[in-house]
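Peer 1: File work.txt follows (compact mmCIF, C-alpha atoms):
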# COMPACT_ATOMS: atom_id res chain seq x y z
CA MET A 1 75.38 80.74 -15.52
CA VAL A 2 73.02 82.19 -18.10
CA VAL A 3 72.61 85.37 -16.05
CA GLY A 4 76.38 85.77 -15.93
CA SER A 5 76.52 85.63 -19.72
CA VAL A 6 73.87 88.34 -20.08
CA ALA A 7 75.89 90.63 -17.79
CA ALA A 8 78.97 89.86 -19.86
CA ILE A 9 77.13 90.98 -23.01
CA GLY A 10 76.20 94.21 -21.22
CA ALA A 11 79.81 94.81 -20.17
CA GLY A 12 80.96 94.09 -23.71
CA LEU A 13 78.50 96.59 -25.20
CA ALA A 14 79.66 99.20 -22.70
CA ALA A 15 83.27 98.52 -23.71
CA ILE A 16 82.36 98.99 -27.41
CA GLY A 17 80.70 102.33 -26.67
CA ALA A 18 83.57 103.58 -24.55
CA GLY A 19 86.08 102.36 -27.14
CA ILE A 20 84.37 104.33 -29.91
CA GLY A 21 84.10 107.41 -27.70
CA ILE A 22 87.69 107.41 -26.47
CA GLY A 23 88.89 106.63 -29.99
CA GLN A 24 87.09 109.71 -31.32
CA ILE A 25 88.57 111.84 -28.54
CA GLY A 26 92.08 110.57 -29.24
CA LYS A 27 91.61 111.15 -32.96
CA GLY A 28 90.44 114.69 -32.38
CA ALA A 29 93.25 115.44 -29.95
CA VAL A 30 96.00 114.06 -32.21
CA GLU A 31 94.62 116.00 -35.19
CA GLY A 32 94.46 119.14 -33.11
CA ILE A 33 98.01 118.72 -31.84
CA ALA A 34 99.26 118.01 -35.38
CA ARG A 35 97.71 121.22 -36.62
CA GLN A 36 98.75 123.32 -33.66
CA PRO A 37 101.66 121.75 -31.76
CA GLU A 38 101.98 124.78 -29.46
CA ALA A 39 98.51 124.09 -28.02
CA ALA A 40 99.45 120.49 -27.15
CA ASN A 41 99.31 120.99 -23.39
CA ASP A 42 95.83 122.52 -23.33
CA ILE A 43 94.55 119.90 -25.74
CA ARG A 44 96.00 117.07 -23.66
CA THR A 45 94.32 118.28 -20.45
CA ASN A 46 90.97 118.60 -22.17
CA MET A 47 91.43 115.24 -23.84
CA ILE A 48 92.04 113.49 -20.51
CA VAL A 49 89.02 115.15 -18.95
CA ALA A 50 86.76 114.21 -21.86
CA ALA A 51 88.12 110.65 -21.88
CA ALA A 52 87.40 110.32 -18.16
CA LEU A 53 83.82 111.53 -18.72
CA VAL A 54 83.28 108.96 -21.47
CA GLU A 55 84.89 106.25 -19.38
CA ALA A 56 82.61 107.08 -16.48
CA VAL A 57 79.52 106.46 -18.64
CA SER A 58 80.85 103.05 -19.60
CA LEU A 59 81.58 102.32 -15.95
CA PHE A 60 77.95 103.20 -15.11
CA ALA A 61 77.01 100.42 -17.52
CA VAL A 62 79.47 98.05 -15.87
CA VAL A 63 77.96 98.80 -12.46
CA VAL A 64 74.47 98.16 -13.81
CA ALA A 65 75.67 94.90 -15.37
CA LEU A 66 77.27 93.82 -12.07
CA LEU A 67 74.18 94.72 -10.04
CA GLY A 68 71.91 92.98 -12.51
CA ASN A 69 74.15 89.95 -12.37
CA SER A 70 74.19 89.61 -8.59
CA ALA A 71 70.49 90.45 -8.20
CA GLY A 72 69.55 87.76 -10.69
CA ALA A 73 71.93 85.10 -9.39
CA MET B 1 77.30 136.84 8.76
CA LEU B 2 74.01 135.02 9.19
CA SER B 3 74.33 133.20 5.89
CA LYS B 4 77.83 132.13 6.86
CA SER B 5 76.69 130.54 10.12
CA VAL B 6 73.75 128.91 8.36
CA LYS B 7 76.21 127.44 5.87
CA SER B 8 78.50 126.03 8.52
CA LEU B 9 75.48 124.62 10.35
CA LEU B 10 74.34 122.90 7.16
CA VAL B 11 77.79 121.45 6.63
CA ALA B 12 77.90 120.17 10.21
CA VAL B 13 74.45 118.60 9.97
CA PHE B 14 75.27 116.91 6.69
CA SER B 15 78.59 115.55 7.91
CA LEU B 16 76.93 114.09 11.02
CA PHE B 17 74.19 112.62 8.86
CA ILE B 18 76.72 111.04 6.53
CA ILE B 19 78.88 109.67 9.33
CA PHE B 20 75.94 107.92 10.91
CA ASN B 21 74.49 106.65 7.69
CA SER B 22 77.53 105.53 5.77
CA ASN B 23 77.82 102.20 7.53
CA VAL B 24 74.19 101.35 7.25
CA SER B 25 73.88 102.08 3.57
CA PHE B 26 77.03 100.18 2.80
CA ALA B 27 75.88 97.25 4.83
CA GLN B 28 72.71 97.11 2.77
CA GLU B 29 74.77 97.22 -0.39
CA ASN B 30 76.75 94.18 0.66
CA GLY B 31 73.73 92.02 1.09
CA LYS B 32 72.84 92.24 -2.56
CA GLU B 33 76.28 91.65 -3.98
CA HIS B 34 77.64 88.87 -1.89
CA HIS B 35 76.47 85.28 -1.98
CA PRO B 36 79.33 83.31 -0.49
CA SER B 37 77.21 80.24 0.19
CA GLU B 38 76.45 79.53 -3.46
CA ASN B 39 79.81 79.03 -5.11
CA LYS B 40 82.06 78.22 -2.19
CA GLU B 41 85.26 76.29 -2.76
CA GLN B 42 84.47 72.82 -4.02
CA GLU B 43 87.19 70.18 -4.24
CA GLY B 44 89.93 72.78 -3.95
CA ASP B 45 88.46 75.00 -6.66
CA PHE B 46 89.31 78.66 -6.19
CA ASP B 47 86.28 80.92 -5.73
CA VAL B 48 87.38 83.99 -7.71
CA THR B 49 84.19 86.03 -7.37
CA GLY B 50 84.03 85.50 -3.62
CA PHE B 51 87.70 86.34 -3.21
CA ILE B 52 87.45 89.58 -5.19
CA LEU B 53 84.18 90.78 -3.66
CA ASP B 54 85.55 89.97 -0.21
CA HIS B 55 88.44 92.35 -0.84
CA VAL B 56 86.29 95.07 -2.36
CA LYS B 57 83.77 95.29 0.48
CA ASP B 58 84.00 96.59 4.04
CA HIS B 59 84.96 94.48 7.08
CA HIS B 60 84.73 94.52 10.85
CA SER B 61 88.42 93.65 11.16
CA TRP B 62 91.54 94.73 9.31
CA HIS B 63 93.55 91.91 7.80
CA LEU B 64 97.26 92.12 8.68
CA TRP B 65 98.99 88.96 7.42
CA GLY B 66 98.27 85.24 7.14
CA HIS B 67 95.55 84.42 9.67
CA THR B 68 96.16 87.53 11.78
CA SER B 69 93.86 90.48 11.62
CA LEU B 70 93.38 93.61 13.67
CA PRO B 71 90.02 93.59 15.47
CA LEU B 72 88.12 96.87 15.22
CA PRO B 73 85.51 98.22 17.63
CA VAL B 74 81.90 97.32 16.99
CA ILE B 75 79.39 100.00 17.94
CA ILE B 76 75.75 99.05 17.64
CA LYS B 77 72.54 100.60 18.77
CA THR B 78 69.48 98.52 19.51
CA ASP B 79 66.30 99.38 21.38
CA LYS B 80 68.25 98.60 24.58
CA GLY B 81 70.79 101.34 23.88
CA PHE B 82 74.37 101.50 22.65
CA GLU B 83 76.85 98.66 22.92
CA VAL B 84 80.59 98.74 22.25
CA PHE B 85 82.74 95.62 22.01
CA SER B 86 85.70 94.32 20.03
CA SER B 87 84.99 92.54 16.76
CA SER B 88 87.34 89.74 17.91
CA LYS B 89 84.44 88.57 20.12
CA LEU B 90 82.50 87.77 16.95
CA SER B 91 85.02 85.34 15.45
CA GLY B 92 86.41 82.19 16.98
CA GLU B 93 89.83 80.56 16.84
CA HIS B 94 89.51 79.48 13.22
CA HIS B 95 87.81 82.68 12.01
CA GLU B 96 84.41 81.08 12.07
CA PRO B 97 81.64 83.43 13.24
CA VAL B 98 80.68 82.84 16.87
CA VAL B 99 77.80 84.19 18.93
CA TYR B 100 78.54 87.09 21.26
CA GLN B 101 76.13 87.58 24.16
CA GLY B 102 75.46 91.28 24.70
CA ASN B 103 72.03 92.77 25.16
CA TYR B 104 71.09 90.30 22.47
CA ALA B 105 73.01 87.38 20.98
CA TYR B 106 74.95 88.79 18.02
CA LYS B 107 76.55 86.90 15.17
CA LEU B 108 78.25 87.96 11.94
CA VAL B 109 76.24 86.70 8.98
CA GLU B 110 77.80 87.52 5.60
CA GLY B 111 79.65 90.45 7.11
CA LYS B 112 76.56 91.90 8.81
CA ILE B 113 75.76 91.79 12.50
CA LYS B 114 72.53 89.87 13.13
CA ILE B 115 70.62 88.84 16.20
CA VAL B 116 70.34 85.07 16.58
CA ASN B 117 67.92 82.89 18.51
CA ALA B 118 68.98 80.41 21.19
CA ASP B 119 69.27 77.60 18.61
CA GLY B 120 71.65 79.67 16.45
CA SER B 121 69.25 80.60 13.64
CA VAL B 122 69.06 84.23 12.50
CA ASN B 123 66.18 86.19 13.97
CA GLU B 124 65.30 88.46 11.01
CA GLU B 125 62.63 90.36 12.95
CA ASP B 126 64.97 91.38 15.77
CA SER B 127 67.91 91.95 13.42
CA LYS B 128 66.10 94.99 12.01
CA LYS B 129 66.65 96.68 15.38
CA VAL B 130 70.44 96.60 14.95
CA PHE B 131 71.77 100.00 13.90
CA ASP B 132 75.43 99.43 13.11
CA ILE B 133 77.78 102.44 13.40
CA SER B 134 80.95 100.43 13.98
CA ILE B 135 84.46 101.61 13.22
CA THR B 136 84.91 99.30 10.26
CA LYS B 137 87.96 98.93 8.06
CA ASN B 138 86.80 101.77 5.80
CA VAL B 139 86.10 104.11 8.71
CA ALA B 140 89.46 103.30 10.31
CA SER B 141 91.14 103.97 6.97
CA MET B 142 89.31 107.30 6.73
CA PHE B 143 90.54 108.29 10.21
CA LEU B 144 94.06 107.38 9.11
CA THR B 145 93.74 109.59 6.04
CA MET B 146 92.42 112.43 8.17
CA LEU B 147 95.42 112.20 10.52
CA LEU B 148 97.76 112.00 7.54
CA LEU B 149 96.20 115.10 5.96
CA ILE B 150 96.32 117.05 9.21
CA TRP B 151 99.95 116.06 9.78
CA ILE B 152 101.04 116.92 6.21
CA PHE B 153 99.27 120.24 6.00
CA THR B 154 100.01 121.56 9.48
CA SER B 155 103.71 120.83 8.95
CA VAL B 156 103.67 122.50 5.54
CA ALA B 157 101.71 125.47 6.87
CA ARG B 158 104.18 125.85 9.74
CA ALA B 159 107.03 125.86 7.25
CA TYR B 160 105.37 128.76 5.42
CA GLN B 161 104.86 130.59 8.70
CA ARG B 162 108.53 130.22 9.48
CA THR B 163 110.09 131.11 6.14
CA GLY B 164 107.35 133.12 4.45
CA VAL B 165 106.15 132.69 0.88
CA LYS B 166 109.06 134.51 -0.74
CA SER B 167 111.82 131.98 0.00
CA ALA B 168 112.19 128.68 -1.85
CA PRO B 169 110.17 125.74 -0.42
CA LYS B 170 112.09 123.11 1.53
CA GLY B 171 111.55 119.39 2.13
CA PHE B 172 107.94 118.23 1.95
CA GLN B 173 106.88 121.78 1.08
CA SER B 174 108.48 121.43 -2.35
CA PHE B 175 106.29 118.41 -3.07
CA ILE B 176 103.03 119.95 -1.86
CA GLU B 177 103.45 123.44 -3.30
CA PRO B 178 103.31 122.51 -7.02
CA VAL B 179 100.22 120.34 -6.40
CA ILE B 180 98.44 123.19 -4.62
CA LEU B 181 99.39 125.54 -7.45
CA PHE B 182 98.14 122.93 -9.92
CA VAL B 183 94.75 122.85 -8.20
CA ARG B 184 94.65 126.65 -8.15
CA ASP B 185 95.69 127.17 -11.78
CA GLU B 186 94.07 124.18 -13.50
CA VAL B 187 90.97 123.64 -11.35
CA ALA B 188 89.93 126.77 -9.50
CA LYS B 189 90.92 129.73 -11.69
CA PRO B 190 89.58 128.57 -15.09
CA TYR B 191 86.11 127.74 -13.74
CA LEU B 192 85.63 130.13 -10.84
CA GLY B 193 87.27 133.30 -12.23
CA HIS B 194 88.03 136.06 -9.76
CA GLN B 195 86.05 134.39 -6.96
CA TYR B 196 88.31 131.33 -6.88
CA ALA B 197 89.88 132.11 -3.47
CA ARG B 198 86.56 131.49 -1.65
CA PHE B 199 86.37 127.90 -2.84
CA MET B 200 90.05 126.95 -2.74
CA PRO B 201 89.83 125.39 0.77
CA PHE B 202 87.00 123.09 -0.32
CA LEU B 203 88.63 122.14 -3.61
CA LEU B 204 92.03 121.48 -2.02
CA THR B 205 90.49 119.41 0.77
CA ILE B 206 88.42 117.30 -1.57
CA PHE B 207 91.32 116.85 -4.00
CA PHE B 208 93.87 115.73 -1.40
CA PHE B 209 91.36 113.64 0.54
CA ILE B 210 90.37 111.65 -2.55
CA TRP B 211 93.92 111.41 -3.84
CA ILE B 212 95.41 110.12 -0.60
CA ASN B 213 92.55 107.67 -0.18
CA ASN B 214 93.06 106.39 -3.72
CA LEU B 215 96.77 105.92 -3.11
CA LEU B 216 96.22 104.20 0.27
CA GLY B 217 93.75 101.88 -1.43
CA LEU B 218 96.50 100.75 -3.80
CA VAL B 219 98.85 99.76 -0.96
CA PRO B 220 98.23 96.03 -0.68
CA PHE B 221 99.18 95.55 3.00
CA PHE B 222 98.11 96.84 6.40
CA PRO B 223 97.93 100.65 6.56
CA GLY B 224 96.31 100.64 3.12
CA GLY B 225 94.18 98.14 1.31
CA ALA B 226 90.77 99.45 2.32
CA ASN B 227 88.61 100.15 -0.70
CA LEU B 228 87.43 103.45 0.75
CA SER B 229 87.05 105.59 -2.35
CA GLY B 230 85.43 102.56 -3.99
CA ASN B 231 82.69 102.72 -1.37
CA ILE B 232 79.55 104.32 -2.76
CA ALA B 233 78.51 105.79 0.61
CA PHE B 234 81.86 107.57 0.90
CA THR B 235 81.72 109.04 -2.61
CA LEU B 236 78.08 110.00 -2.08
CA ALA B 237 79.08 111.96 1.04
CA LEU B 238 81.69 113.89 -0.94
CA ALA B 239 79.22 114.55 -3.76
CA ILE B 240 76.65 115.85 -1.26
CA PHE B 241 79.20 118.42 -0.08
CA THR B 242 79.51 119.63 -3.67
CA PHE B 243 75.72 119.57 -4.07
CA VAL B 244 75.20 121.70 -0.94
CA ILE B 245 77.93 124.18 -1.84
CA VAL B 246 76.61 124.57 -5.40
CA ASN B 247 73.02 125.19 -4.34
CA VAL B 248 73.79 127.35 -1.32
CA ASN B 249 75.99 129.61 -3.44
CA GLY B 250 73.65 129.61 -6.44
CA LYS B 251 72.98 133.13 -7.70
CA LYS B 252 69.76 134.48 -9.19
CA ASP B 253 70.85 133.58 -12.72
CA TYR B 254 71.47 129.97 -11.71
CA TRP B 255 67.95 129.51 -10.37
CA LYS B 256 66.46 131.42 -13.28
CA HIS B 257 68.15 129.03 -15.71
CA ILE B 258 66.70 126.10 -13.82
CA PHE B 259 63.11 127.24 -13.39
CA TRP B 260 62.51 129.66 -16.26
CA MET B 261 65.21 129.44 -18.93
CA PRO B 262 65.48 132.88 -20.51
CA GLY B 263 65.39 133.41 -24.27
CA LEU B 264 63.14 130.49 -25.14
CA PRO B 265 59.48 130.12 -26.17
CA THR B 266 57.16 129.50 -23.21
CA ALA B 267 56.30 125.93 -24.24
CA MET B 268 59.99 125.10 -24.29
CA LYS B 269 60.48 126.73 -20.89
CA ILE B 270 57.83 124.49 -19.36
CA PHE B 271 59.36 121.47 -21.07
CA LEU B 272 62.89 122.28 -19.88
CA MET B 273 62.06 122.98 -16.24
CA PRO B 274 61.73 119.34 -15.06
CA ILE B 275 64.84 118.39 -17.01
CA GLU B 276 66.85 121.14 -15.38
CA ILE B 277 65.54 120.24 -11.92
CA LEU B 278 66.56 116.62 -12.54
CA GLY B 279 69.96 117.89 -13.65
CA VAL B 280 70.53 119.48 -10.26
CA PHE B 281 70.37 116.01 -8.68
CA ILE B 282 71.99 114.06 -11.49
CA LYS B 283 75.20 116.07 -11.23
CA PRO B 284 76.14 114.85 -7.73
CA ILE B 285 74.92 111.34 -8.60
CA SER B 286 77.26 111.20 -11.58
CA LEU B 287 80.11 112.46 -9.37
CA THR B 288 79.31 109.67 -6.91
CA ILE B 289 79.19 106.87 -9.44
CA ARG B 290 82.20 108.07 -11.43
CA LEU B 291 84.60 107.92 -8.49
CA PHE B 292 83.04 104.76 -7.02
CA ALA B 293 83.05 102.85 -10.30
CA ASN B 294 86.53 103.90 -11.38
CA ILE B 295 88.21 102.92 -8.12
CA THR B 296 86.21 99.72 -7.64
CA ALA B 297 86.91 98.69 -11.23
CA GLY B 298 90.63 99.23 -10.59
CA HIS B 299 90.60 97.09 -7.47
CA ILE B 300 88.63 94.32 -9.21
CA LEU B 301 91.04 94.40 -12.16
CA VAL B 302 94.13 94.02 -9.98
CA MET B 303 92.52 91.22 -7.95
CA SER B 304 91.40 89.39 -11.11
CA LEU B 305 94.91 89.47 -12.54
CA VAL B 306 96.34 88.11 -9.30
CA SER B 307 93.64 85.39 -9.26
CA LEU B 308 94.80 84.16 -12.69
CA ILE B 309 97.65 82.37 -10.93
CA PHE B 310 95.19 80.46 -8.75
CA ILE B 311 92.79 79.74 -11.62
CA PHE B 312 95.52 78.13 -13.73
CA LYS B 313 96.99 76.51 -10.59
CA SER B 314 100.53 76.88 -11.85
CA VAL B 315 103.48 79.10 -11.03
CA ALA B 316 104.04 79.62 -14.75
CA ALA B 317 100.90 81.78 -14.95
CA SER B 318 102.56 84.32 -12.68
CA ALA B 319 105.03 85.07 -15.48
CA MET B 320 102.06 86.69 -17.23
CA ALA B 321 99.99 87.78 -14.25
CA VAL B 322 102.67 89.66 -12.30
CA PRO B 323 103.82 92.02 -15.07
CA PHE B 324 100.19 92.73 -15.93
CA THR B 325 99.40 93.44 -12.27
CA VAL B 326 102.33 95.83 -12.04
CA PHE B 327 101.22 97.49 -15.27
CA ILE B 328 97.61 97.93 -14.06
CA SER B 329 98.82 99.16 -10.67
CA VAL B 330 100.88 101.87 -12.35
CA ILE B 331 97.83 102.81 -14.45
CA GLU B 332 95.83 102.93 -11.21
CA LEU B 333 98.32 105.43 -9.81
CA LEU B 334 97.43 107.67 -12.74
CA VAL B 335 93.69 106.96 -12.37
CA GLY B 336 93.88 107.74 -8.65
CA PHE B 337 95.29 111.17 -9.40
CA LEU B 338 93.02 111.71 -12.40
CA GLN B 339 89.82 110.87 -10.52
CA ALA B 340 90.75 113.22 -7.67
CA PHE B 341 91.47 115.91 -10.27
CA ILE B 342 88.21 115.26 -12.13
CA PHE B 343 86.14 115.29 -8.95
CA ALA B 344 87.67 118.63 -7.92
CA MET B 345 87.42 120.00 -11.46
CA LEU B 346 83.77 119.07 -11.94
CA SER B 347 82.96 120.47 -8.49
CA ALA B 348 84.64 123.73 -9.51
CA LEU B 349 82.75 123.66 -12.80
CA TYR B 350 79.37 123.18 -11.10
CA ILE B 351 80.14 125.87 -8.54
CA GLY B 352 81.32 128.15 -11.33
CA MET B 353 78.05 127.65 -13.23
CA ALA B 354 76.07 128.47 -10.09
CA ILE B 355 77.94 131.65 -9.08
CA GLU B 356 78.13 133.16 -12.55
CA GLU B 357 76.82 136.74 -12.31
CA HIS B 358 75.77 137.56 -15.86
CA HIS B 359 75.33 135.07 -18.63
CA ASP B 360 76.28 135.52 -22.27
CA HIS B 361 74.24 133.08 -24.30
CA HIS B 362 76.72 131.43 -26.55
CA GLU B 363 78.80 129.12 -24.39
CA ASP B 364 76.70 126.42 -22.83
CA ILE B 365 78.93 123.48 -22.06
CA PRO B 366 76.86 120.30 -21.85
CA VAL B 367 77.96 118.51 -18.70
CA ILE B 368 76.58 115.26 -17.41
Kindly present the structure from the file in structure tokens form.
Peer 2:
Amino acid sequence: MVVGSVAAIGAGLAAIGAGIGIGQIGKGAVEGIARQPEAANDIRTNMIVAAALVEAVSLFAVVVALLGNSAGA
Amino acid sequence: MLSKSVKSLLVAVFSLFIIFNSNVSFAQENGKEHHPSENKEQEGDFDVTGFILDHVKDHHSWHLWGHTSLPLPVIIKTDKGFEVFSSSKLSGEHHEPVVYQGNYAYKLVEGKIKIVNADGSVNEEDSKKVFDISITKNVASMFLTMLLLIWIFTSVARAYQRTGVKSAPKGFQSFIEPVILFVRDEVAKPYLGHQYARFMPFLLTIFFFIWINNLLGLVPFFPGGANLSGNIAFTLALAIFTFVIVNVNGKKDYWKHIFWMPGLPTAMKIFLMPIEILGVFIKPISLTIRLFANITAGHILVMSLVSLIFIFKSVAASAMAVPFTVFISVIELLVGFLQAFIFAMLSALYIGMAIEEHHDHHEDIPVI
């Protein structure tokens, strides 16, 4: 049970990191679109790509947390 | 000419290697993640972890409905040679694992085929001899995707042969054409420049293969439901294709930037070399884990939301769980497309960085 909780803390930390990262990306994209609405399409594509890259890093952490959890249990 | 045949030889060798290894490596993966004996159902309690992991991992049979499942062929190699039999021989009337007498006595233990002694205990020493290359659920699903891809693209290609490229697309053509143009204009051209046509076949194949697998994985009943693109061996195989294509096509500048970065002090060059060499291998690893983790996370999420009903043991919970499941499934449709796009795009980006002829030193995009 204790091991499960430690993995949960890891997953939570990963979620915080990804949240901050994706929030920054969204902020930047919305600001960019507000300043230059005609570039909205290019900005959106790049935003999705960058968000997926950030998300992937957080998912690495989730995988590590899961592996750590099942190896310890 | 020679380099071309060497390339195709490399591709053939790698695909054979991957086909024969995918089962084994995934089987090893399972052992670590699955402990069904520990928290099995007690007094009617619902074992959520076991239920979810059971759906995420590979199987020797394909579940159809209720207690019916489609048995798949088991192909194993031991020191006494190859053996082929149906996986239905390994499970009894009530789906309990039974012993099958082949060259050895085989039994399914936690999803893996083991050799057992006469008294029914697992013989760990002999079990190491089992080399399992069965057609499992994931492999069968991959064959299905292959047939689907061949069917779709030969029919579309025939339509172009008949009517030419000048006339408006008809039927299924009009669905496929914009997607192919999307891959060409958003993936290939921006990163590969004027050489994009050489790599279009690879990018299109990898894009549609991943996309169709992601979509089939979201179908909850028979022809879908295998967690193929959430299988790390499968994604690793795809990433190795990218890795080989990048390094086989790497130009002089690409290798120079790895081993002796121009325009830096010598001490820095020595410091950067190991990092750059690591980067060559980290790129395909990150491709592997990105696709694997995204799709597996999606499957786990959907299964967890469905399990809420059984955790609360009331129909009322479905009022919350079902809309959420539908919502996540729709998101997963987007993720399935997005991950196929990102895999193809990053492959194009890595290839583009490797085939760049001359390098102007002000745009270095940091890419993990």
Peer 1: Just need the residues of chain A within 8 Å of chain B, counting only C-alpha atoms, so spit them out as a list in words.
Peer 2: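 Written out as asked, the residues are Val49, Ala52, Ala56, Val57, Leu59, Phe60, Val63, Leu67, Ser70 and Ala71 of chain A.
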Peer 1: Residues near Asn123 (chain B), anyone? I mean within 12 Å using only C-alpha atoms, not counting same-chain ones fewer than 6 positions away, as a list in words.
Peer 2: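 Contacts, in chain order: Tyr104, Ala105, Tyr106, Lys107, Val109, Ile113, Lys114, Ile115, Val116, Asn117, Lys129 and Val130 of chain B.
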Peer 1: Taking (94.9, 109.6, -23.4) in the file's coordinates as the center, which residues reach within 7 Å of it, counting all atoms listed in the file, put as a list in words?
Peer 2: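 Within 7 Å of (94.9, 109.6, -23.4), the protein and nucleic acid residues are Gly26, Met47 and Ile48 of chain A.
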Peer 1: Please, what distance in Å, to one decimal, runs between CA of Leu218 (chain B) and CA of Thr49 (chain B)?
Peer 2: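 Computing it gives 19.5 Å between the two atoms.
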Peer 1: If we count all atoms listed in the file and set the cut-off at 6 Å, which residues sit around region 9-23 of chain A, ignoring sequence neighbours fewer than 3 positions away in its own chain? Please answer as a PyMOL selection string.
Peer 2: chain A and resi 6+26+51+55+58+61-62+65
Peer 1: Export, as a PDB file, in the coordinates of the input, the selected residues with C-alpha atoms.
Peer 2:
ATOM      1  CA  VAL A   6      73.870  88.340 -20.080  1.00  0.00           C
ATOM      2  CA  GLY A  26      92.080 110.570 -29.240  1.00  0.00           C
ATOM      3  CA  ALA A  51      88.120 110.650 -21.880  1.00  0.00           C
ATOM      4  CA  GLU A  55      84.890 106.250 -19.380  1.00  0.00           C
ATOM      5  CA  SER A  58      80.850 103.050 -19.600  1.00  0.00           C
ATOM      6  CA  ALA A  61      77.010 100.420 -17.520  1.00  0.00           C
ATOM      7  CA  VAL A  62      79.470  98.050 -15.870  1.00  0.00           C
ATOM      8  CA  ALA A  65      75.670  94.900 -15.370  1.00  0.00           C
TER       9      ALA A  65
END
Peer 1: Report, in Å to a single decimal, how far apart CA of Leu149 (chain B) and CA of His194 (chain B) are.
Peer 2: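 Result for CA of His194 (chain B) versus CA of Leu149 (chain B): 27.4 Å, one decimal.
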Peer 1: If you measure from CA of Tyr196 (chain B) to CA of Leu238 (chain B), what distance in Å do you get, rounded to one decimal?
Peer 2: 19.6 Å
Peer 1: Leaving out Gly217 (chain B) and any residue of its chain fewer than 4 positions from it, which residues lie within 8 Å of it when counting all atoms listed in the file, given as a VMD selection string?
Peer 2: chain B and resid 213 224 to 229
Peer 1: Regenerate region 282-296 of chain B at the level of N, CA and C atoms and dump it as a PDB file, keeping the file's coordinate frame.
Peer 2:
ATOM      1  N   ILE B 282      71.187 115.034 -10.747  1.00  0.00           N
ATOM      2  CA  ILE B 282      71.990 114.060 -11.490  1.00  0.00           C
ATOM      3  C   ILE B 282      73.472 114.395 -11.409  1.00  0.00           C
ATOM      4  N   LYS B 283      73.783 115.684 -11.306  1.00  0.00           N
ATOM      5  CA  LYS B 283      75.200 116.070 -11.230  1.00  0.00           C
ATOM      6  C   LYS B 283      75.923 115.402 -10.054  1.00  0.00           C
ATOM      7  N   PRO B 284      75.436 115.542  -8.813  1.00  0.00           N
ATOM      8  CA  PRO B 284      76.140 114.850  -7.730  1.00  0.00           C
ATOM      9  C   PRO B 284      76.090 113.334  -7.852  1.00  0.00           C
ATOM     10  N   ILE B 285      74.987 112.796  -8.442  1.00  0.00           N
ATOM     11  CA  ILE B 285      74.920 111.340  -8.600  1.00  0.00           C
ATOM     12  C   ILE B 285      76.007 110.868  -9.551  1.00  0.00           C
ATOM     13  N   SER B 286      76.221 111.628 -10.633  1.00  0.00           N
ATOM     14  CA  SER B 286      77.260 111.200 -11.580  1.00  0.00           C
ATOM     15  C   SER B 286      78.639 111.335 -10.947  1.00  0.00           C
ATOM     16  N   LEU B 287      78.840 112.364 -10.099  1.00  0.00           N
ATOM     17  CA  LEU B 287      80.110 112.460  -9.370  1.00  0.00           C
ATOM     18  C   LEU B 287      80.316 111.225  -8.508  1.00  0.00           C
ATOM     19  N   THR B 288      79.243 110.828  -7.795  1.00  0.00           N
ATOM     20  CA  THR B 288      79.310 109.670  -6.910  1.00  0.00           C
ATOM     21  C   THR B 288      79.735 108.428  -7.667  1.00  0.00           C
ATOM     22  N   ILE B 289      78.974 108.145  -8.756  1.00  0.00           N
ATOM     23  CA  ILE B 289      79.190 106.870  -9.440  1.00  0.00           C
ATOM     24  C   ILE B 289      80.509 106.868 -10.178  1.00  0.00           C
ATOM     25  N   ARG B 290      80.943 108.025 -10.695  1.00  0.00           N
ATOM     26  CA  ARG B 290      82.200 108.070 -11.430  1.00  0.00           C
ATOM     27  C   ARG B 290      83.364 107.638 -10.543  1.00  0.00           C
ATOM     28  N   LEU B 291      83.482 108.248  -9.379  1.00  0.00           N
ATOM     29  CA  LEU B 291      84.600 107.920  -8.490  1.00  0.00           C
ATOM     30  C   LEU B 291      84.473 106.478  -7.997  1.00  0.00           C
ATOM     31  N   PHE B 292      83.261 106.110  -7.540  1.00  0.00           N
ATOM     32  CA  PHE B 292      83.040 104.760  -7.020  1.00  0.00           C
ATOM     33  C   PHE B 292      83.391 103.706  -8.062  1.00  0.00           C
ATOM     34  N   ALA B 293      82.877 103.879  -9.285  1.00  0.00           N
ATOM     35  CA  ALA B 293      83.050 102.850 -10.300  1.00  0.00           C
ATOM     36  C   ALA B 293      84.497 102.776 -10.765  1.00  0.00           C
ATOM     37  N   ASN B 294      85.146 103.916 -10.912  1.00  0.00           N
ATOM     38  CA  ASN B 294      86.530 103.900 -11.380  1.00  0.00           C
ATOM     39  C   ASN B 294      87.429 103.183 -10.390  1.00  0.00           C
ATOM     40  N   ILE B 295      87.307 103.498  -9.105  1.00  0.00           N
ATOM     41  CA  ILE B 295      88.210 102.920  -8.120  1.00  0.00           C
ATOM     42  C   ILE B 295      87.884 101.445  -7.895  1.00  0.00           C
ATOM     43  N   THR B 296      86.574 101.122  -7.821  1.00  0.00           N
ATOM     44  CA  THR B 296      86.210  99.720  -7.640  1.00  0.00           C
ATOM     45  C   THR B 296      86.669  98.886  -8.822  1.00  0.00           C
TER      46      THR B 296
END
